[in-house]
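Shown here: entry.json, JSON, C-alpha atoms and all ligand atoms.
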[["chain", "number", "residue", "atom", "x", "y", "z"],
["V", 133, "MET", "CA", 0.00, 0.00, 0.00],
["V", 134, "THR", "CA", 1.36, 3.35, -0.90],
["V", 135, "ALA", "CA", 0.43, 6.92, -0.31],
["V", 136, "GLU", "CA", 2.62, 9.63, -1.61],
["V", 137, "GLU", "CA", 3.19, 12.56, 0.67],
["V", 138, "THR", "CA", 4.30, 15.37, -1.57],
["V", 139, "SER", "CA", 6.11, 18.38, -0.37],
["V", 140, "ALA", "CA", 7.53, 21.46, -1.98],
["V", 141, "ASP", "CA", 10.83, 20.61, -0.35],
["V", 142, "ASP", "CA", 13.11, 17.76, -1.29],
["V", 143, "PRO", "CA", 13.19, 14.89, -0.58],
["V", 144, "THR", "CA", 9.80, 13.42, -1.41],
["V", 145, "THR", "CA", 8.46, 11.03, 1.22],
["V", 146, "PHE", "CA", 6.42, 7.95, 0.34],
["V", 147, "ALA", "CA", 4.47, 5.96, 2.94],
["V", 148, "TYR", "CA", 4.03, 2.20, 3.03],
["V", 149, "LEU", "CA", 2.51, -0.31, 5.40],
["V", 150, "CYS", "CA", 4.78, -3.28, 6.01],
["V", 151, "ILE", "CA", 3.01, -6.60, 5.49],
["V", 152, "GLY", "CA", 5.90, -8.66, 6.78],
["V", 153, "CYS", "CA", 4.18, -9.54, 10.07],
["V", 154, "PRO", "CA", 1.04, -8.59, 12.03],
["V", 155, "LEU", "CA", 2.71, -5.54, 13.61],
["V", 156, "GLY", "CA", 2.12, -3.64, 10.38],
["V", 157, "CYS", "CA", 4.81, -1.02, 10.84],
["V", 158, "ARG", "CA", 4.24, 2.25, 9.01],
["V", 159, "LEU", "CA", 7.25, 2.87, 6.79],
["V", 160, "GLU", "CA", 8.48, 6.02, 5.15],
["V", 161, "VAL", "CA", 10.85, 6.19, 2.19],
["V", 162, "ASP", "CA", 12.61, 9.42, 1.30],
["V", 163, "GLU", "CA", 13.47, 9.75, -2.38],
["V", 164, "ASP", "CA", 15.70, 12.34, -4.01],
["V", 165, "ASP", "CA", 15.09, 14.14, -7.31],
["V", 166, "HIS", "CA", 16.72, 11.29, -9.23],
["V", 167, "GLY", "CA", 14.44, 8.63, -7.76],
["V", 168, "ASP", "CA", 17.11, 7.21, -5.48],
["V", 169, "ILE", "CA", 16.22, 6.14, -1.96],
["V", 170, "LEU", "CA", 17.83, 8.34, 0.66],
["V", 171, "GLU", "CA", 16.39, 6.83, 3.83],
["V", 172, "VAL", "CA", 13.88, 4.30, 5.13],
["V", 173, "ARG", "CA", 12.22, 5.03, 8.47],
["V", 174, "GLY", "CA", 9.70, 3.31, 10.70],
["V", 175, "SER", "CA", 10.72, -0.32, 10.41],
["V", 176, "SER", "CA", 11.21, -2.46, 13.49],
["V", 177, "CYS", "CA", 13.45, -4.96, 11.69],
["V", 178, "ARG", "CA", 15.58, -5.37, 8.60],
["V", 179, "LYS", "CA", 12.78, -7.23, 6.87],
["V", 180, "GLY", "CA", 10.82, -3.99, 6.87],
["V", 181, "ASP", "CA", 13.76, -2.10, 5.38],
["V", 182, "ARG", "CA", 13.98, -4.62, 2.55],
["V", 183, "TYR", "CA", 10.22, -4.57, 2.04],
["V", 184, "ALA", "CA", 10.13, -0.77, 1.80],
["V", 185, "ALA", "CA", 12.95, -0.68, -0.74],
["V", 186, "GLN", "CA", 11.35, -3.46, -2.81],
["V", 187, "GLU", "CA", 7.89, -1.94, -2.62],
["V", 188, "HIS", "CA", 9.22, 1.46, -3.60],
["V", 189, "THR", "CA", 11.32, 0.33, -6.56],
["V", 190, "ASP", "CA", 9.73, -2.89, -7.83],
["V", 191, "PRO", "CA", 6.50, -3.87, -6.05],
["V", 192, "ARG", "CA", 5.66, -7.56, -6.44],
["V", 193, "ARG", "CA", 2.91, -9.89, -5.34],
["V", 194, "GLY", "CA", 2.32, -13.60, -5.29],
["V", 195, "VAL", "CA", -0.79, -14.75, -7.13],
["V", 196, "THR", "CA", -3.09, -17.38, -5.65],
["V", 197, "THR", "CA", -6.21, -18.27, -7.56],
["V", 198, "THR", "CA", -7.91, -21.23, -9.22],
["V", 199, "VAL", "CA", -7.99, -22.67, -12.73],
["V", 200, "ALA", "CA", -10.59, -24.84, -14.41],
["V", 201, "ILE", "CA", -10.02, -28.56, -14.27],
["V", 202, "SER", "CA", -11.74, -31.29, -16.27],
["V", 203, "GLY", "CA", -12.48, -34.74, -14.95],
["V", 204, "GLY", "CA", -11.66, -33.96, -11.35],
["V", 205, "LEU", "CA", -13.54, -34.09, -8.06],
["V", 206, "TRP", "CA", -14.15, -30.31, -8.20],
["V", 207, "PRO", "CA", -14.49, -27.92, -11.15],
["V", 208, "ARG", "CA", -11.71, -25.59, -9.95],
["V", 209, "LEU", "CA", -8.13, -26.33, -8.89],
["V", 210, "PRO", "CA", -6.24, -23.99, -6.53],
["V", 211, "VAL", "CA", -2.94, -22.73, -7.90],
["V", 212, "LYS", "CA", -0.23, -20.20, -7.08],
["V", 213, "THR", "CA", 2.79, -18.58, -8.66],
["V", 214, "THR", "CA", 6.13, -20.02, -7.62],
["V", 215, "SER", "CA", 7.31, -16.55, -6.61],
["V", 216, "ASP", "CA", 6.12, -12.96, -6.64],
["V", 217, "ILE", "CA", 5.45, -11.27, -9.98],
["V", 218, "PRO", "CA", 5.44, -7.53, -10.75],
["V", 219, "ARG", "CA", 2.36, -6.01, -9.13],
["V", 220, "ASP", "CA", 1.28, -4.32, -12.35],
["V", 221, "GLN", "CA", 1.05, -7.74, -14.03],
["V", 222, "VAL", "CA", -1.20, -9.34, -11.40],
["V", 223, "LEU", "CA", -4.46, -8.48, -13.14],
["V", 224, "ALA", "CA", -3.18, -9.70, -16.51],
["V", 225, "ALA", "CA", -1.96, -12.88, -14.81],
["V", 226, "CYS", "CA", -5.40, -13.52, -13.33],
["V", 227, "GLU", "CA", -7.00, -12.91, -16.72],
["V", 228, "ALA", "CA", -4.57, -15.34, -18.37],
["V", 229, "LEU", "CA", -5.21, -17.97, -15.72],
["V", 230, "ARG", "CA", -8.95, -17.58, -16.21],
["V", 231, "LEU", "CA", -8.44, -19.13, -19.65],
["V", 232, "VAL", "CA", -6.43, -22.11, -18.39],
["V", 233, "ARG", "CA", -8.03, -25.54, -18.17],
["V", 234, "VAL", "CA", -6.14, -28.62, -17.03],
["V", 235, "ASP", "CA", -7.07, -32.29, -16.89],
["V", 236, "ALA", "CA", -7.23, -34.41, -13.75],
["V", 237, "PRO", "CA", -5.38, -36.08, -12.21],
["V", 238, "VAL", "CA", -3.06, -33.37, -10.90],
["V", 239, "LYS", "CA", -0.53, -33.61, -8.09],
["V", 240, "MET", "CA", 0.29, -30.76, -5.71],
["V", 241, "GLY", "CA", 3.33, -28.98, -7.12],
["V", 242, "ASP", "CA", 2.69, -29.93, -10.72],
["V", 243, "VAL", "CA", 3.72, -27.07, -13.02],
["V", 244, "LEU", "CA", 0.60, -26.07, -14.94],
["V", 245, "VAL", "CA", 1.89, -22.89, -16.63],
["V", 246, "GLN", "CA", 5.54, -22.15, -17.33],
["V", 247, "ASP", "CA", 6.95, -18.63, -17.34],
["V", 248, "LEU", "CA", 3.62, -16.89, -16.74],
["V", 249, "LEU", "CA", 3.48, -13.78, -18.99],
["V", 250, "GLY", "CA", 7.25, -13.86, -19.30],
["V", 251, "THR", "CA", 7.73, -13.17, -15.61],
["V", 252, "GLY", "CA", 9.97, -16.18, -15.11],
["V", 253, "CYS", "CA", 7.49, -17.53, -12.58],
["V", 254, "ASP", "CA", 5.64, -20.78, -13.05],
["V", 255, "VAL", "CA", 2.14, -21.62, -11.83],
["V", 256, "VAL", "CA", 1.77, -24.77, -9.76],
["V", 257, "ALA", "CA", -1.09, -26.73, -8.26],
["V", 258, "THR", "CA", -1.48, -26.31, -4.52],
["V", 259, "ARG", "CA", -3.40, -29.54, -3.98],
["V", 260, "ASP", "CA", -3.87, -32.96, -5.48],
["V", 261, "MET", "CA", -6.93, -33.54, -7.61],
["V", 262, "ASN", "CA", -7.73, -37.11, -8.54],
["V", 263, "ALA", "CA", -9.66, -38.04, -11.64],
["V", 264, "THR", "CA", -13.20, -39.22, -11.00],
["Q", 1, "LIG", "S1", 9.07, -3.91, 9.87],
["Q", 1, "LIG", "FE1", 9.45, -5.95, 10.77],
["Q", 1, "LIG", "S2", 8.29, -5.88, 12.71],
["Q", 1, "LIG", "FE2", 7.48, -4.22, 11.41],
["Q", 1, "LIG", "S3", 5.71, -5.11, 10.30],
["Q", 1, "LIG", "FE3", 7.55, -5.34, 8.97],
["Q", 1, "LIG", "S4", 8.31, -7.40, 9.45],
["Q", 1, "LIG", "FE4", 6.94, -6.82, 11.12]]

Show how you would write the structure in this file as structure tokens.
Amino acid sequence: MTAEETSADDPTTFAYLCIGCPLGCRLEVDEDDHGDILEVRGSSCRKGDRYAAQEHTDPRRGVTTTVAISGGLWPRLPVKTTSDIPRDQVLAACEALRLVRVDAPVKMGDVLVQDLLGTGCDVVATRDMNAT
């Protein structure tokens, strides 16, 4: 989550909420005129520092959803990306996965889509689904 706090003075401060643990520390990132990070404030651990820098420069999210499956116990199969993809590609990823249909049986961990949208991330099943 971001909220830009603009100011007439440099640097520009951006606010983020760390999602690394339930504490939800409120983070601030100061950026100079060239877009470089000058300082990160508000974190209670180094994980928060890394999160703020990542979120500020290259925000990413994991995608968990379902795809259609034929011949299985249920009509939908839960899946996830093997790692986080760029946040601005999440919607396109969900739209692409909406068109995917696989056939049962499927084992948890089976790769169902390779290199989703060129992100380098695969999509895997997160449960077994036997054929009926
Ligand atoms: S900065 Fe550290 S302690 Fe704070 S919410 Fe993030 S992970 Fe948790």

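Of note, atom S4 of ligand LIG 1 (chain Q) and atom CA of V:Val211 are spaced 25.7 Å apart.
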
Nearby residues (all atoms listed in the file) at most 8 Å from V:Ser202, same-chain spacing under 4 positions excluded, as a compact mmCIF listing (two decimals) with C-alpha atoms, keeping the file's coordinate frame:
# COMPACT_ATOMS: atom_id res chain seq x y z
CA PRO V 207 -14.49 -27.92 -11.15
CA ARG V 233 -8.03 -25.54 -18.17
CA VAL V 234 -6.14 -28.62 -17.03
CA ASP V 235 -7.07 -32.29 -16.89
CA ALA V 236 -7.23 -34.41 -13.75

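Atom pair atom CA of V:Asp254 / atom S1 of ligand LIG 1 (chain Q) has a distance of 28.7 Å (rounded to one decimal).
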
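Taking all atoms listed in the file into account, ligand LIG 1 (chain Q) lies nearest to V:Leu159 out of the set V:Val255, V:Met261, V:Val195, V:Leu159.
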
Would you mind listing the residues within 7 Å of ligand LIG 1 (chain Q), counting only C-alpha atoms and all ligand atoms, as an mmCIF file with C-alpha atoms, in the coordinates of the input?
data_model
loop_
_atom_site.group_PDB
_atom_site.id
_atom_site.type_symbol
_atom_site.label_atom_id
_atom_site.label_comp_id
_atom_site.auth_asym_id
_atom_site.auth_seq_id
_atom_site.Cartn_x
_atom_site.Cartn_y
_atom_site.Cartn_z
ATOM 1 C CA CYS V 150 4.780 -3.280 6.010
ATOM 2 C CA ILE V 151 3.010 -6.600 5.490
ATOM 3 C CA GLY V 152 5.900 -8.660 6.780
ATOM 4 C CA CYS V 153 4.180 -9.540 10.070
ATOM 5 C CA PRO V 154 1.040 -8.590 12.030
ATOM 6 C CA LEU V 155 2.710 -5.540 13.610
ATOM 7 C CA GLY V 156 2.120 -3.640 10.380
ATOM 8 C CA CYS V 157 4.810 -1.020 10.840
ATOM 9 C CA SER V 175 10.720 -0.320 10.410
ATOM 10 C CA SER V 176 11.210 -2.460 13.490
ATOM 11 C CA CYS V 177 13.450 -4.960 11.690
ATOM 12 C CA ARG V 178 15.580 -5.370 8.600
ATOM 13 C CA LYS V 179 12.780 -7.230 6.870
ATOM 14 C CA GLY V 180 10.820 -3.990 6.870
ATOM 15 C CA ASP V 181 13.760 -2.100 5.380
#

With all atoms listed in the file as the atoms that count, which of V:Tyr148, V:Ala228, V:Asp216, V:Leu209 lies nearest to V:Met240? V:Leu209

Within 12 Å of V:Val238, counting only C-alpha atoms, which residues qualify if same-chain residues fewer than 4 places away don't, as a PyMOL selection string? chain V and resi 199-206+208-211+233-234+242-244+256-264

Test item: residues at most 9 Å from stretch 169-174 of chain V, only C-alpha atoms, excluding those fewer than 4 positions along its chain, as a list in words: Pro143, Cys157, Arg158, Leu159, Glu160, Val161, Asp162, Glu163, Asp164, Gly180, Asp181, Ala184, Ala185, His188 and Thr189 of chain V

Kindly save the residues from that selection, with C-alpha atoms included, as a CSV table (one decimal), in the coordinates of the input.
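Here's the written file selection-v7.csv:
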chain,number,residue,atom,x,y,z
V,143,PRO,CA,13.2,14.9,-0.6
V,157,CYS,CA,4.8,-1.0,10.8
V,158,ARG,CA,4.2,2.2,9.0
V,159,LEU,CA,7.2,2.9,6.8
V,160,GLU,CA,8.5,6.0,5.2
V,161,VAL,CA,10.8,6.2,2.2
V,162,ASP,CA,12.6,9.4,1.3
V,163,GLU,CA,13.5,9.8,-2.4
V,164,ASP,CA,15.7,12.3,-4.0
V,180,GLY,CA,10.8,-4.0,6.9
V,181,ASP,CA,13.8,-2.1,5.4
V,184,ALA,CA,10.1,-0.8,1.8
V,185,ALA,CA,13.0,-0.7,-0.7
V,188,HIS,CA,9.2,1.5,-3.6
V,189,THR,CA,11.3,0.3,-6.6

Out of V:Pro191, V:Lys212, V:Gly167, V:Ala147, which residue has the shortest atom-to-atom distance to V:Leu229 when counting only C-alpha atoms? V:Lys212

Between atom CA of V:Gly250 and atom CA of V:Arg182, what distance in Å does the model show, to one decimal? 24.7 Å

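Nearest-residue note for V:Gly252: choosing from V:Ser215, V:Thr145, V:Gln186, V:Thr198, the minimum distance belongs to V:Ser215, counting all atoms listed in the file.
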
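The smallest atom-to-atom distance between V:Asp165 and any of V:Arg230, V:Thr144, V:Lys239, V:Ala225, using only C-alpha atoms, is found for V:Thr144.
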